[in-house]
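A.B. asks: Handing over run_21.cif, mmCIF, C-alpha atoms.
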```cif
data_protein
#
loop_
_atom_site.label_atom_id
_atom_site.label_comp_id
_atom_site.auth_asym_id
_atom_site.auth_seq_id
_atom_site.Cartn_x
_atom_site.Cartn_y
_atom_site.Cartn_z
CA MET A 1 59.28 -2.16 7.81
CA ASP A 2 59.99 -0.97 4.25
CA LEU A 3 63.76 -1.35 4.00
CA SER A 4 63.93 0.42 0.64
CA ALA A 5 62.37 3.62 1.96
CA GLY A 6 65.32 5.93 2.61
CA PRO A 7 65.76 9.32 4.24
CA GLU A 8 65.65 10.96 0.83
CA ASP A 9 65.06 10.11 -2.80
CA PRO A 10 67.21 11.58 -5.59
CA ARG A 11 64.11 11.59 -7.82
CA ALA A 12 62.99 14.61 -5.82
CA ALA A 13 65.68 16.59 -7.60
CA THR A 14 64.74 15.68 -11.18
CA ASN A 15 62.82 18.90 -11.93
CA GLY A 16 59.39 17.34 -11.99
CA ASP A 17 60.36 14.34 -14.10
CA ASP A 18 57.95 11.59 -13.02
CA SER A 19 59.20 9.00 -15.50
CA HIS A 20 60.73 7.00 -12.64
CA VAL A 21 57.64 6.55 -10.50
CA SER A 22 58.22 3.85 -7.88
CA LYS A 23 57.60 0.33 -9.14
CA LYS A 24 56.19 -0.50 -5.69
CA LEU A 25 52.87 0.95 -6.92
CA LYS A 26 52.58 -2.03 -9.27
CA LEU A 27 50.15 -4.69 -8.16
CA SER A 28 51.70 -7.50 -10.22
CA PHE A 29 55.15 -8.99 -10.52
CA ILE A 30 57.61 -8.05 -13.24
CA THR A 31 56.83 -9.50 -16.68
CA GLU A 32 59.16 -11.18 -19.15
CA SER A 33 58.96 -8.16 -21.45
CA GLU A 34 59.87 -5.84 -18.58
CA ILE A 35 62.86 -8.03 -17.76
CA ARG A 36 63.95 -7.77 -21.40
CA GLU A 37 63.66 -3.98 -21.17
CA GLU A 38 65.70 -3.86 -17.98
CA PHE A 39 68.61 -5.62 -19.73
CA ALA A 40 68.16 -4.28 -23.26
CA HIS A 41 71.55 -2.55 -22.95
CA HIS A 42 73.32 -5.94 -23.07
CA GLN A 43 75.20 -6.37 -26.34
CA PRO A 44 72.89 -7.94 -28.92
CA GLY A 45 73.90 -11.31 -30.31
CA ILE A 46 75.91 -12.40 -27.26
CA ALA A 47 74.75 -15.36 -25.18
CA ARG A 48 75.81 -13.99 -21.81
CA ILE A 49 76.02 -16.98 -19.48
CA ASN A 50 78.79 -15.58 -17.30
CA ASN A 51 76.97 -13.46 -14.74
CA GLY A 52 79.41 -14.80 -12.16
CA SER A 53 82.38 -12.72 -13.32
CA PHE A 54 80.98 -9.20 -13.46
CA GLY A 55 77.30 -9.39 -12.60
CA SER A 56 74.60 -7.40 -14.34
CA CYS A 57 72.84 -4.14 -13.63
CA PRO A 58 69.23 -3.38 -14.69
CA ALA A 59 68.40 -0.20 -16.60
CA SER A 60 66.31 1.15 -13.73
CA ILE A 61 69.30 0.87 -11.39
CA ILE A 62 71.60 2.50 -13.94
CA ALA A 63 69.10 5.36 -14.11
CA ALA A 64 69.03 5.60 -10.31
CA GLN A 65 72.82 5.70 -10.24
CA LYS A 66 72.85 8.53 -12.76
CA ARG A 67 70.42 10.52 -10.60
CA TRP A 68 72.72 10.16 -7.60
CA GLN A 69 75.72 11.20 -9.71
CA LEU A 70 73.89 14.30 -10.92
CA ARG A 71 72.77 15.07 -7.39
CA PHE A 72 76.42 15.29 -6.37
CA LEU A 73 77.55 17.20 -9.45
CA ARG A 74 74.82 19.84 -9.10
CA GLN A 75 76.00 20.94 -5.65
CA PRO A 76 78.87 18.82 -4.34
CA ASP A 77 79.41 20.77 -1.11
CA ASP A 78 75.80 20.43 0.01
CA PHE A 79 75.72 16.77 -0.99
CA PHE A 80 78.93 15.95 0.87
CA PHE A 81 78.16 17.83 4.08
CA ASN A 82 74.41 17.17 4.35
CA HIS A 83 73.48 14.00 2.47
CA LEU A 84 76.25 11.52 1.55
CA GLN A 85 76.95 9.97 4.95
CA ARG A 86 73.26 9.65 5.80
CA GLN A 87 72.59 7.82 2.55
CA ILE A 88 75.54 5.45 3.02
CA LEU A 89 74.30 4.70 6.53
CA HIS A 90 70.89 3.85 5.07
CA SER A 91 72.53 1.43 2.62
CA ARG A 92 74.51 -0.16 5.43
CA THR A 93 71.33 -0.57 7.47
CA ILE A 94 69.65 -2.42 4.60
CA ILE A 95 72.63 -4.76 4.31
CA LYS A 96 72.67 -5.35 8.07
CA ASP A 97 69.09 -6.58 7.90
CA LEU A 98 69.66 -8.65 4.76
CA VAL A 99 72.54 -10.61 6.31
CA ASN A 100 71.23 -10.63 9.91
CA ALA A 101 74.09 -8.70 11.53
CA ASP A 102 73.56 -7.50 15.08
CA HIS A 103 74.54 -3.89 14.53
CA VAL A 104 75.06 -1.53 11.63
CA ASP A 105 78.56 -0.74 12.94
CA GLU A 106 79.51 -4.30 11.95
CA VAL A 107 78.83 -3.51 8.27
CA SER A 108 81.21 -1.50 6.10
CA ILE A 109 80.72 -0.74 2.42
CA VAL A 110 83.84 -1.12 0.28
CA ASP A 111 84.65 -1.32 -3.41
CA ASN A 112 84.86 -5.09 -3.76
CA ALA A 113 85.94 -8.32 -2.12
CA THR A 114 89.55 -7.57 -3.04
CA THR A 115 89.48 -4.42 -0.90
CA ALA A 116 87.91 -6.36 1.97
CA ALA A 117 90.63 -9.00 1.77
CA ALA A 118 93.25 -6.27 1.91
CA ILE A 119 91.62 -4.86 5.07
CA VAL A 120 91.62 -8.22 6.86
CA LEU A 121 95.06 -9.36 5.70
CA GLN A 122 96.62 -5.97 6.42
CA HIS A 123 95.37 -6.38 9.99
CA VAL A 124 96.85 -9.90 10.23
CA GLY A 125 100.12 -8.73 8.66
CA TRP A 126 100.46 -6.02 11.30
CA ALA A 127 99.99 -8.64 14.03
CA PHE A 128 102.92 -10.62 12.62
CA ALA A 129 105.08 -7.53 12.12
CA GLU A 130 104.42 -6.22 15.64
CA GLY A 131 105.13 -9.55 17.31
CA ARG A 132 101.60 -10.35 18.47
CA PHE A 133 101.72 -13.40 16.19
CA GLN A 134 104.84 -15.55 16.11
CA LYS A 135 106.94 -15.98 12.99
CA GLY A 136 105.89 -19.18 11.25
CA ASP A 137 102.36 -19.19 12.63
CA ALA A 138 99.97 -20.08 9.84
CA VAL A 139 97.24 -18.75 7.63
CA VAL A 140 95.17 -21.58 6.14
CA MET A 141 93.49 -21.08 2.77
CA LEU A 142 91.86 -23.17 0.05
CA HIS A 143 93.88 -23.83 -3.11
CA CYS A 144 91.10 -22.35 -5.24
CA ALA A 145 90.99 -19.06 -3.34
CA PHE A 146 90.64 -16.02 -5.58
CA GLN A 147 93.96 -14.89 -7.03
CA ALA A 148 93.66 -11.42 -5.49
CA VAL A 149 93.36 -13.01 -2.04
CA LYS A 150 96.51 -15.05 -2.67
CA LYS A 151 98.35 -11.88 -3.69
CA SER A 152 97.13 -10.06 -0.56
CA ILE A 153 98.49 -12.90 1.58
CA GLU A 154 101.81 -12.52 -0.21
CA ALA A 155 101.79 -8.74 0.23
CA TYR A 156 100.72 -8.56 3.88
CA VAL A 157 101.31 -11.91 5.61
CA THR A 158 104.23 -13.86 4.17
CA ARG A 159 106.49 -10.82 4.01
CA ALA A 160 105.76 -10.23 7.72
CA GLY A 161 106.80 -13.78 8.66
CA GLY A 162 103.55 -15.74 8.45
CA SER A 163 103.43 -19.15 6.80
CA VAL A 164 100.68 -20.29 4.45
CA ILE A 165 98.99 -23.70 4.45
CA VAL A 166 97.13 -24.46 1.23
CA VAL A 167 94.25 -26.94 1.42
CA HIS A 168 93.79 -28.72 -1.91
CA LEU A 169 90.12 -29.52 -2.44
CA PRO A 170 89.00 -32.36 -4.71
CA PHE A 171 87.27 -31.59 -7.99
CA PRO A 172 85.00 -32.96 -9.27
CA VAL A 173 83.53 -33.20 -5.78
CA ASN A 174 80.78 -35.49 -4.55
CA SER A 175 79.97 -34.30 -1.02
CA ASN A 176 80.69 -31.80 1.74
CA ASP A 177 82.42 -34.59 3.65
CA GLU A 178 85.25 -34.62 1.11
CA ILE A 179 85.84 -30.90 1.64
CA ILE A 180 85.63 -31.14 5.43
CA ALA A 181 88.15 -34.00 5.53
CA GLU A 182 90.73 -32.08 3.50
CA PHE A 183 90.19 -28.94 5.56
CA ARG A 184 90.84 -30.81 8.81
CA LYS A 185 94.12 -32.07 7.33
CA GLY A 186 95.12 -28.50 6.48
CA LEU A 187 94.46 -27.29 10.03
CA ALA A 188 96.54 -30.17 11.37
CA ARG A 189 99.47 -29.13 9.14
CA GLY A 190 99.10 -25.56 10.37
CA ARG A 191 99.42 -26.69 14.00
CA ALA A 192 102.45 -28.91 13.37
CA ASN A 193 105.57 -28.26 15.45
CA GLY A 194 103.68 -26.25 18.03
CA LYS A 195 102.63 -23.47 15.66
CA LYS A 196 99.23 -21.77 15.74
CA VAL A 197 96.71 -21.14 12.98
CA ARG A 198 96.06 -17.41 13.25
CA LEU A 199 93.64 -17.05 10.36
CA ALA A 200 91.59 -19.40 8.20
CA ILE A 201 90.29 -18.07 4.88
CA ILE A 202 87.24 -19.97 3.68
CA ASP A 203 85.37 -19.41 0.43
CA HIS A 204 81.58 -19.59 0.64
CA ILE A 205 81.41 -20.18 -3.11
CA THR A 206 84.65 -20.92 -4.92
CA SER A 207 85.05 -19.07 -8.19
CA MET A 208 86.83 -21.56 -10.44
CA PRO A 209 85.89 -24.32 -10.18
CA CYS A 210 82.57 -23.17 -8.76
CA VAL A 211 81.35 -25.09 -5.71
CA VAL A 212 79.29 -24.11 -2.65
CA ILE A 213 81.55 -24.71 0.35
CA PRO A 214 80.06 -25.77 3.72
CA ALA A 215 81.23 -22.51 5.29
CA ARG A 216 79.26 -22.79 8.53
CA GLU A 217 80.62 -26.28 9.19
CA LEU A 218 84.21 -25.21 8.45
CA VAL A 219 83.90 -22.17 10.72
CA LYS A 220 82.63 -24.44 13.50
CA ILE A 221 85.64 -26.72 13.02
CA CYS A 222 87.93 -23.68 13.25
CA ARG A 223 86.38 -22.73 16.58
CA GLU A 224 86.80 -26.27 17.89
CA GLU A 225 90.43 -26.38 16.76
CA GLY A 226 91.38 -23.00 18.26
CA VAL A 227 91.84 -21.04 15.05
CA GLU A 228 92.13 -17.42 16.14
CA ARG A 229 90.17 -15.70 13.37
CA VAL A 230 88.09 -16.78 10.40
CA PHE A 231 87.54 -14.80 7.20
CA VAL A 232 84.87 -16.01 4.78
CA ASP A 233 85.43 -14.76 1.23
CA ALA A 234 81.91 -14.88 -0.16
CA ALA A 235 82.39 -12.73 -3.25
CA HIS A 236 79.55 -14.52 -5.08
CA ALA A 237 77.23 -15.07 -2.12
CA ILE A 238 74.61 -12.34 -1.64
CA GLY A 239 71.80 -12.99 -4.12
CA ASN A 240 73.26 -16.42 -4.89
CA VAL A 241 72.95 -18.37 -1.63
CA HIS A 242 71.31 -17.70 1.72
CA VAL A 243 73.51 -15.46 3.89
CA ASP A 244 73.13 -15.22 7.68
CA VAL A 245 76.38 -13.96 9.17
CA LYS A 246 75.44 -14.91 12.73
CA GLU A 247 74.57 -18.44 11.66
CA ILE A 248 77.84 -18.77 9.72
CA GLY A 249 79.78 -17.44 12.71
CA ALA A 250 82.90 -16.02 11.02
CA ASP A 251 84.82 -13.01 12.30
CA PHE A 252 84.88 -11.44 8.84
CA TYR A 253 82.56 -12.00 5.88
CA VAL A 254 82.61 -10.21 2.53
CA SER A 255 80.31 -10.37 -0.47
CA ASN A 256 80.19 -8.31 -3.62
CA LEU A 257 76.91 -6.55 -4.34
CA HIS A 258 77.57 -6.08 -8.06
CA LYS A 259 77.68 -9.80 -8.94
CA TRP A 260 74.33 -11.28 -7.91
CA PHE A 261 72.58 -8.34 -6.19
CA PHE A 262 72.21 -6.15 -9.32
CA CYS A 263 74.27 -3.18 -8.11
CA PRO A 264 76.46 -1.32 -10.62
CA PRO A 265 80.16 -2.02 -10.17
CA SER A 266 81.78 -1.86 -7.90
CA VAL A 267 80.43 -2.28 -4.38
CA ALA A 268 80.69 -4.89 -1.63
CA PHE A 269 79.98 -5.20 2.07
CA LEU A 270 82.43 -6.35 4.73
CA TYR A 271 80.95 -7.71 7.94
CA CYS A 272 83.27 -7.59 10.96
CA ARG A 273 81.85 -9.20 14.06
CA LYS A 274 82.23 -6.93 17.08
CA SER A 275 85.26 -7.97 19.10
CA PRO A 276 88.28 -6.45 20.84
CA VAL A 277 90.17 -6.40 17.52
CA SER A 278 87.53 -4.27 15.75
CA PRO A 279 89.27 -0.92 16.44
CA ASP A 280 92.45 -2.28 14.82
CA LEU A 281 90.79 -2.79 11.42
CA HIS A 282 91.48 0.03 8.97
CA HIS A 283 90.85 0.83 5.34
CA PRO A 284 94.12 0.62 3.34
CA VAL A 285 93.34 4.04 1.81
CA VAL A 286 93.91 6.45 4.69
CA SER A 287 91.85 9.64 4.63
CA HIS A 288 90.26 12.16 7.02
CA GLU A 289 88.16 9.57 8.89
CA TYR A 290 91.09 7.39 9.98
CA GLY A 291 90.56 6.16 13.54
CA ASN A 292 86.79 6.63 13.55
CA GLY A 293 86.02 2.96 12.92
CA LEU A 294 86.24 0.92 9.72
CA ALA A 295 82.68 1.64 8.59
CA ILE A 296 83.21 5.41 8.83
CA GLU A 297 86.69 5.22 7.30
CA SER A 298 85.30 3.25 4.35
CA ALA A 299 82.51 5.76 3.79
CA TRP A 300 84.99 8.47 2.86
CA ILE A 301 88.26 7.60 1.13
CA GLY A 302 88.55 10.87 -0.77
CA THR A 303 86.66 12.46 -3.64
CA ARG A 304 85.24 9.73 -5.85
CA ASP A 305 81.96 8.39 -7.23
CA TYR A 306 79.99 6.83 -4.33
CA SER A 307 76.82 6.30 -6.37
CA SER A 308 77.11 2.49 -6.54
CA GLN A 309 76.85 2.48 -2.73
CA LEU A 310 73.80 4.74 -2.74
CA VAL A 311 71.55 2.69 -5.06
CA ILE A 312 71.24 -0.26 -2.64
CA PRO A 313 67.70 0.84 -1.60
CA GLU A 314 66.66 0.97 -5.26
CA VAL A 315 68.16 -2.47 -5.86
CA LEU A 316 66.13 -3.90 -2.99
CA GLU A 317 63.06 -2.33 -4.57
CA PHE A 318 63.97 -3.91 -7.92
CA THR A 319 64.23 -7.40 -6.41
CA SER A 320 60.83 -6.95 -4.76
CA ARG A 321 59.29 -6.82 -8.25
CA PHE A 322 59.96 -10.55 -8.58
CA GLU A 323 57.86 -13.23 -6.95
CA GLY A 324 59.54 -14.16 -3.68
CA GLY A 325 61.91 -11.20 -3.88
CA LEU A 326 65.64 -11.91 -3.68
CA GLU A 327 65.06 -15.42 -2.30
CA GLY A 328 62.71 -16.24 -5.17
CA ILE A 329 65.25 -15.02 -7.72
CA ARG A 330 67.96 -17.07 -6.06
CA ASN A 331 65.92 -20.27 -5.96
CA ARG A 332 64.79 -19.99 -9.57
CA ASN A 333 68.33 -19.28 -10.78
CA HIS A 334 69.61 -22.34 -8.95
CA GLU A 335 66.91 -24.59 -10.38
CA LYS A 336 67.47 -23.29 -13.90
CA VAL A 337 71.26 -23.53 -13.89
CA VAL A 338 71.07 -27.14 -12.69
CA GLU A 339 68.49 -27.94 -15.38
CA MET A 340 70.62 -26.30 -18.09
CA GLY A 341 73.78 -27.94 -16.79
CA GLN A 342 72.21 -31.37 -16.89
CA MET A 343 70.90 -30.72 -20.40
CA LEU A 344 74.40 -29.80 -21.58
CA ALA A 345 76.05 -32.74 -19.82
CA LYS A 346 73.60 -35.17 -21.38
CA ALA A 347 74.21 -33.73 -24.85
CA TRP A 348 78.00 -33.94 -24.44
CA GLY A 349 78.12 -37.29 -22.65
CA THR A 350 79.68 -35.82 -19.51
CA SER A 351 78.48 -34.81 -16.03
CA LEU A 352 78.31 -31.91 -13.60
CA GLY A 353 81.40 -31.23 -11.51
CA SER A 354 79.42 -31.30 -8.26
CA PRO A 355 76.00 -32.48 -7.05
CA PRO A 356 73.11 -30.04 -7.65
CA GLU A 357 72.97 -29.10 -3.97
CA MET A 358 76.57 -27.87 -4.20
CA CYS A 359 75.77 -25.63 -7.17
CA PRO A 360 74.68 -22.02 -6.50
CA SER A 361 73.38 -20.06 -9.51
CA MET A 362 76.39 -21.42 -11.37
CA ALA A 363 77.36 -24.95 -12.41
CA MET A 364 80.48 -26.65 -13.73
CA VAL A 365 79.68 -28.79 -16.77
CA GLY A 366 82.19 -31.30 -18.10
CA LEU A 367 83.34 -30.69 -21.68
CA PRO A 368 83.95 -33.63 -24.04
CA SER A 369 87.46 -35.02 -23.64
CA ARG A 370 88.01 -34.84 -27.39
CA LEU A 371 88.43 -31.07 -27.05
CA ARG A 372 91.67 -31.77 -25.13
CA VAL A 373 91.65 -28.90 -22.64
CA LEU A 374 95.06 -29.70 -21.13
CA CYS A 375 96.26 -26.42 -19.59
CA ASP A 376 95.04 -22.98 -18.53
CA ASP A 377 96.05 -21.49 -21.88
CA ASP A 378 93.87 -24.07 -23.63
CA ALA A 379 90.94 -23.02 -21.43
CA LEU A 380 91.49 -19.35 -22.23
CA ASN A 381 91.87 -20.01 -25.96
CA LEU A 382 88.66 -22.05 -26.04
CA ARG A 383 86.83 -19.33 -24.14
CA SER A 384 88.06 -16.70 -26.63
CA HIS A 385 87.11 -18.91 -29.58
CA LEU A 386 83.57 -19.37 -28.26
CA ARG A 387 83.26 -15.60 -27.83
CA ASP A 388 84.74 -14.63 -31.21
CA LYS A 389 83.21 -17.34 -33.40
CA PHE A 390 79.93 -18.17 -31.66
CA GLY A 391 79.01 -15.08 -29.61
CA LEU A 392 79.18 -17.03 -26.36
CA GLU A 393 80.53 -15.64 -23.09
CA VAL A 394 81.36 -18.50 -20.75
CA PRO A 395 84.47 -19.22 -18.62
CA ILE A 396 86.36 -22.47 -19.18
CA HIS A 397 88.24 -24.32 -16.44
CA CYS A 398 91.06 -26.83 -16.88
CA GLN A 399 91.23 -29.65 -14.33
CA VAL A 400 93.94 -32.17 -15.15
CA PRO A 401 94.04 -34.98 -12.54
CA ARG A 402 96.95 -34.74 -10.13
CA ASP A 403 99.28 -37.68 -9.55
CA GLY A 404 97.32 -40.58 -8.12
CA GLU A 405 93.92 -39.21 -9.17
CA LEU A 406 91.88 -41.18 -11.67
CA GLY A 407 89.80 -38.32 -13.04
CA VAL A 408 86.35 -38.50 -14.60
CA MET A 409 85.98 -40.35 -17.90
CA ASP A 410 83.61 -39.94 -20.80
CA GLY A 411 83.39 -42.31 -23.76
CA ASP A 412 86.65 -41.06 -25.29
CA GLY A 413 88.97 -40.28 -22.40
CA CYS A 414 89.54 -38.20 -19.28
CA VAL A 415 87.42 -35.07 -18.88
CA THR A 416 89.83 -32.19 -18.24
CA GLY A 417 87.75 -29.17 -19.25
CA TYR A 418 84.66 -27.64 -17.65
CA ALA A 419 82.37 -24.80 -18.67
CA ARG A 420 81.17 -22.63 -15.78
CA ILE A 421 77.65 -21.59 -16.68
CA SER A 422 75.61 -18.98 -14.79
CA HIS A 423 71.91 -18.25 -14.75
CA GLN A 424 70.45 -14.83 -14.04
CA VAL A 425 66.96 -13.45 -14.62
CA TYR A 426 67.79 -12.26 -18.15
CA ASN A 427 68.97 -15.65 -19.43
CA THR A 428 66.86 -17.79 -21.76
CA LEU A 429 66.93 -21.38 -22.94
CA ASP A 430 68.40 -20.25 -26.25
CA ASP A 431 71.61 -19.08 -24.53
CA TYR A 432 72.39 -22.63 -23.41
CA VAL A 433 71.23 -24.25 -26.65
CA ARG A 434 73.75 -22.06 -28.45
CA LEU A 435 76.52 -23.29 -26.17
CA ARG A 436 75.42 -26.90 -26.62
CA ASP A 437 75.40 -26.56 -30.39
CA ALA A 438 78.72 -24.68 -30.52
CA ILE A 439 80.57 -27.44 -28.67
CA THR A 440 78.85 -30.07 -30.82
CA GLN A 441 79.95 -28.19 -33.94
CA LEU A 442 83.56 -28.05 -32.75
CA LEU A 443 83.50 -31.82 -32.21
CA GLN A 444 81.99 -32.44 -35.64
CA ASP A 445 84.71 -30.28 -37.19
CA GLY A 446 87.41 -32.18 -35.30
CA VAL A 447 88.60 -29.04 -33.50
CA THR A 448 90.90 -29.50 -30.49
CA CYS A 449 92.51 -26.93 -28.22
CA GLU A 450 95.87 -27.77 -29.78
CA MET A 451 94.56 -26.34 -33.07
CA LEU A 452 93.36 -23.19 -31.31
CA ARG A 453 96.89 -22.55 -30.04
CA ARG A 454 97.95 -21.94 -33.64
CA VAL A 455 95.02 -19.64 -34.52
#
```
For the file at hand, write its structure as structure tokens.

C.D. replies:
Amino acid sequence: MDLSAGPEDPRAATNGDDSHVSKKLKLSFITESEIREEFAHHQPGIARINNGSFGSCPASIIAAQKRWQLRFLRQPDDFFFNHLQRQILHSRTIIKDLVNADHVDEVSIVDNATTAAAIVLQHVGWAFAEGRFQKGDAVVMLHCAFQAVKKSIEAYVTRAGGSVIVVHLPFPVNSNDEIIAEFRKGLARGRANGKKVRLAIIDHITSMPCVVIPARELVKICREEGVERVFVDAAHAIGNVHVDVKEIGADFYVSNLHKWFFCPPSVAFLYCRKSPVSPDLHHPVVSHEYGNGLAIESAWIGTRDYSSQLVIPEVLEFTSRFEGGLEGIRNRNHEKVVEMGQMLAKAWGTSLGSPPEMCPSMAMVGLPSRLRVLCDDDALNLRSHLRDKFGLEVPIHCQVPRDGELGVMDGDGCVTGYARISHQVYNTLDDYVRLRDAITQLLQDGVTCEMLRRV
């Protein structure tokens, strides 16, 4: 079955313009020069090794998005009444097959993982407010959960009487066993004094620091321990790691499609496993479709640009131009980011923050201790300095050992700073060589983060 073949193609409305003939007619895989063309709109002179934050969108997908936008603007009434919902359903069907959901009704398309978190936590907050959950019952989350998720817990859960148990994960980390042990401790705290854990929020890939979490194993533990519902925040997952929602087994699973799946921002899918609570899930923006199921509600939240949701078939076609498709892209990105991370660590006399098998298409690389990254402001200042002075876009993480922790040492002291590097199809060796040489130059010049505070 050709998943990218949809019920209609916006190219049919381009007045005979055949400049966008389907790439599926090609008999060979995409070439390096074609990849360069697809990302030629990236700002020249910038080593962009931060795909993890905002993703990247190829020129052919940007063109497809523009065609959908024009299709709406030419005749909005016809597009809304006769085409929009059918096209969104087609996109949802593609996602259903990509993530192995049982039914398309389990897949909703939303703006981003933040919106999905609001949907799930709004639902949990209502359960506390309406007395279905008892005051003081717990939500368990990882300490490195995305900040927007933490704010949604504050907005919907704690104000309704729920308590929050924060599981502090070790970093640097050496194995899944370390994560599993800490998670079990968090569940035990949540059940203390006869309380119940009503929701566990598990990252599939933590953002900062970046680590692949054993989500399937943690979900299984939740089932064994009687956790009522499990939400996997997998903002970075699709296109980055293998995703099979049935295998993972969570009640809710969200992943952005604009980070590692080449969609234009912003678009994400939210999988909600069919259950008796499904009718109680609602989009926080209430519009005409309220009460018709989350997937239908999410497909119309008022007049807006839905084009990022409509290009999913074209994105699938784009990934098919690469050897091995999306899986091939994912595997090559993983191999390359580990190779580049190890090259940088060797040059700086440090190490990776996790074993290669716990790295997705991103890796945490220890920075030399002489840079003295001692707080979050230091990390932000160093990131800004690398951007402004060296044309490097790379996030920096500060990890000062907590009381009782020894930390990781290099030849000069405790490593407290990490660069989170990404690898996507447009990256080249030169991007990482530039980062290597920039850090080396800072060390040679005796620069520390304390000096950058005064710049």

A.B. asks: Residues near A:Glu225, anyone? I mean within 12 Å using all atoms listed in the file, not counting same-chain ones fewer than 5 positions away, as an MDAnalysis selection string.

C.D. replies: chainID A and resid 183:188 190:191 196:200 218:220 230

A.B. asks: Out of A:Ala101, A:Val139, A:Lys336, A:Val447, which residue has the shortest atom-to-atom distance to A:Val166 when counting all atoms listed in the file?

C.D. replies: A:Val139

A.B. asks: Taking (81.8, 8.7, 5.3) in the file's own coordinates, collect the residues within 9 Å, counting all atoms listed in the file, and hand them back as a list in words.

C.D. replies: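 Within the cut-off we find Phe80, Leu84, Gln85, Arg86, Ile88, Leu89, Glu289, Ala295, Ile296, Glu297, Ser298, Ala299, Trp300 and Ile301 of chain A.
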
A.B. asks: Could you write out that same residue set with C-alpha atoms as a PDB file, in the coordinates of the input?

C.D. replies:
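So the final result, stored in again.pdb, reads:
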```
ATOM      1  CA  PHE A  80      78.930  15.950   0.870  1.00  0.00           C
ATOM      2  CA  LEU A  84      76.250  11.520   1.550  1.00  0.00           C
ATOM      3  CA  GLN A  85      76.950   9.970   4.950  1.00  0.00           C
ATOM      4  CA  ARG A  86      73.260   9.650   5.800  1.00  0.00           C
ATOM      5  CA  ILE A  88      75.540   5.450   3.020  1.00  0.00           C
ATOM      6  CA  LEU A  89      74.300   4.700   6.530  1.00  0.00           C
ATOM      7  CA  GLU A 289      88.160   9.570   8.890  1.00  0.00           C
ATOM      8  CA  ALA A 295      82.680   1.640   8.590  1.00  0.00           C
ATOM      9  CA  ILE A 296      83.210   5.410   8.830  1.00  0.00           C
ATOM     10  CA  GLU A 297      86.690   5.220   7.300  1.00  0.00           C
ATOM     11  CA  SER A 298      85.300   3.250   4.350  1.00  0.00           C
ATOM     12  CA  ALA A 299      82.510   5.760   3.790  1.00  0.00           C
ATOM     13  CA  TRP A 300      84.990   8.470   2.860  1.00  0.00           C
ATOM     14  CA  ILE A 301      88.260   7.600   1.130  1.00  0.00           C
TER      15      ILE A 301
END
```

A.B. asks: How many Å lie between atom CA of A:Val415 and atom CA of A:Pro368, rounded to one decimal?

C.D. replies: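 If I compute the distance from atom CA of A:Val415 to atom CA of A:Pro368, I get 6.4 Å.
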
A.B. asks: Taking only C-alpha atoms into account, name the residue in A:Arg273, A:Arg71, A:His90, A:Arg321 that is nearest to A:Val245.

C.D. replies: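 For A:Val245, the nearest of the candidates is A:Arg273.
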
A.B. asks: For atom CA of A:Pro313 and atom CA of A:Val99, determine how far apart the two atoms are, in Å to one decimal place.

C.D. replies: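 So the answer is 14.7 Å.
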
A.B. asks: When the PyMOL selection byres ((chain A and resi 338) around 9) is applied to the structure above, which residues does it catch, written out as a PDB file with C-alpha atoms, in the frame of the given file?

C.D. replies:
```pdb
ATOM      1  CA  ASN A 333      68.330 -19.280 -10.780  1.00  0.00           C
ATOM      2  CA  HIS A 334      69.610 -22.340  -8.950  1.00  0.00           C
ATOM      3  CA  GLU A 335      66.910 -24.590 -10.380  1.00  0.00           C
ATOM      4  CA  LYS A 336      67.470 -23.290 -13.900  1.00  0.00           C
ATOM      5  CA  VAL A 337      71.260 -23.530 -13.890  1.00  0.00           C
ATOM      6  CA  GLU A 339      68.490 -27.940 -15.380  1.00  0.00           C
ATOM      7  CA  MET A 340      70.620 -26.300 -18.090  1.00  0.00           C
ATOM      8  CA  GLY A 341      73.780 -27.940 -16.790  1.00  0.00           C
ATOM      9  CA  GLN A 342      72.210 -31.370 -16.890  1.00  0.00           C
ATOM     10  CA  MET A 343      70.900 -30.720 -20.400  1.00  0.00           C
ATOM     11  CA  LEU A 352      78.310 -31.910 -13.600  1.00  0.00           C
ATOM     12  CA  PRO A 356      73.110 -30.040  -7.650  1.00  0.00           C
ATOM     13  CA  CYS A 359      75.770 -25.630  -7.170  1.00  0.00           C
ATOM     14  CA  PRO A 360      74.680 -22.020  -6.500  1.00  0.00           C
ATOM     15  CA  SER A 361      73.380 -20.060  -9.510  1.00  0.00           C
ATOM     16  CA  MET A 362      76.390 -21.420 -11.370  1.00  0.00           C
ATOM     17  CA  ALA A 363      77.360 -24.950 -12.410  1.00  0.00           C
TER      18      ALA A 363
END
```

A.B. asks: Taking into account all atoms listed in the file, which residue in the set A:His204, A:Glu314, A:Phe322, A:Thr448 is nearest to A:Ala379?

C.D. replies: A:Thr448

A.B. asks: Using only C-alpha atoms, what residues lie at most 10 Å away from (90.5, -31.8, -22.0) (file coordinates), given as a count of residues only?

C.D. replies: 24

A.B. asks: Translate the PyMOL selection byres ((chain A and resi 267) around 12), as applied to the file shown, into an explicit residue set as a ChimeraX atom specification.

C.D. replies: /A:54-55,88,91-92,95,108-116,235,238,254-266,268-270,298-299,305-312

A.B. asks: Do you know which residues the PyMOL selection byres ((chain A and resi 59) around 12) returns on this file, as JSON, numbers by chain?

C.D. replies: {"A": [20, 34, 35, 36, 37, 38, 39, 40, 41, 42, 56, 57, 58, 60, 61, 62, 63, 64, 65, 66, 262, 263, 264, 314, 315, 318]}

A.B. asks: Kindly give the distance, in Å, that separates atom CA of A:Ser422 and atom CA of A:Thr350, rounded to a single decimal.

C.D. replies: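 Pair atom CA of A:Ser422 / atom CA of A:Thr350 returns 18.0 Å.
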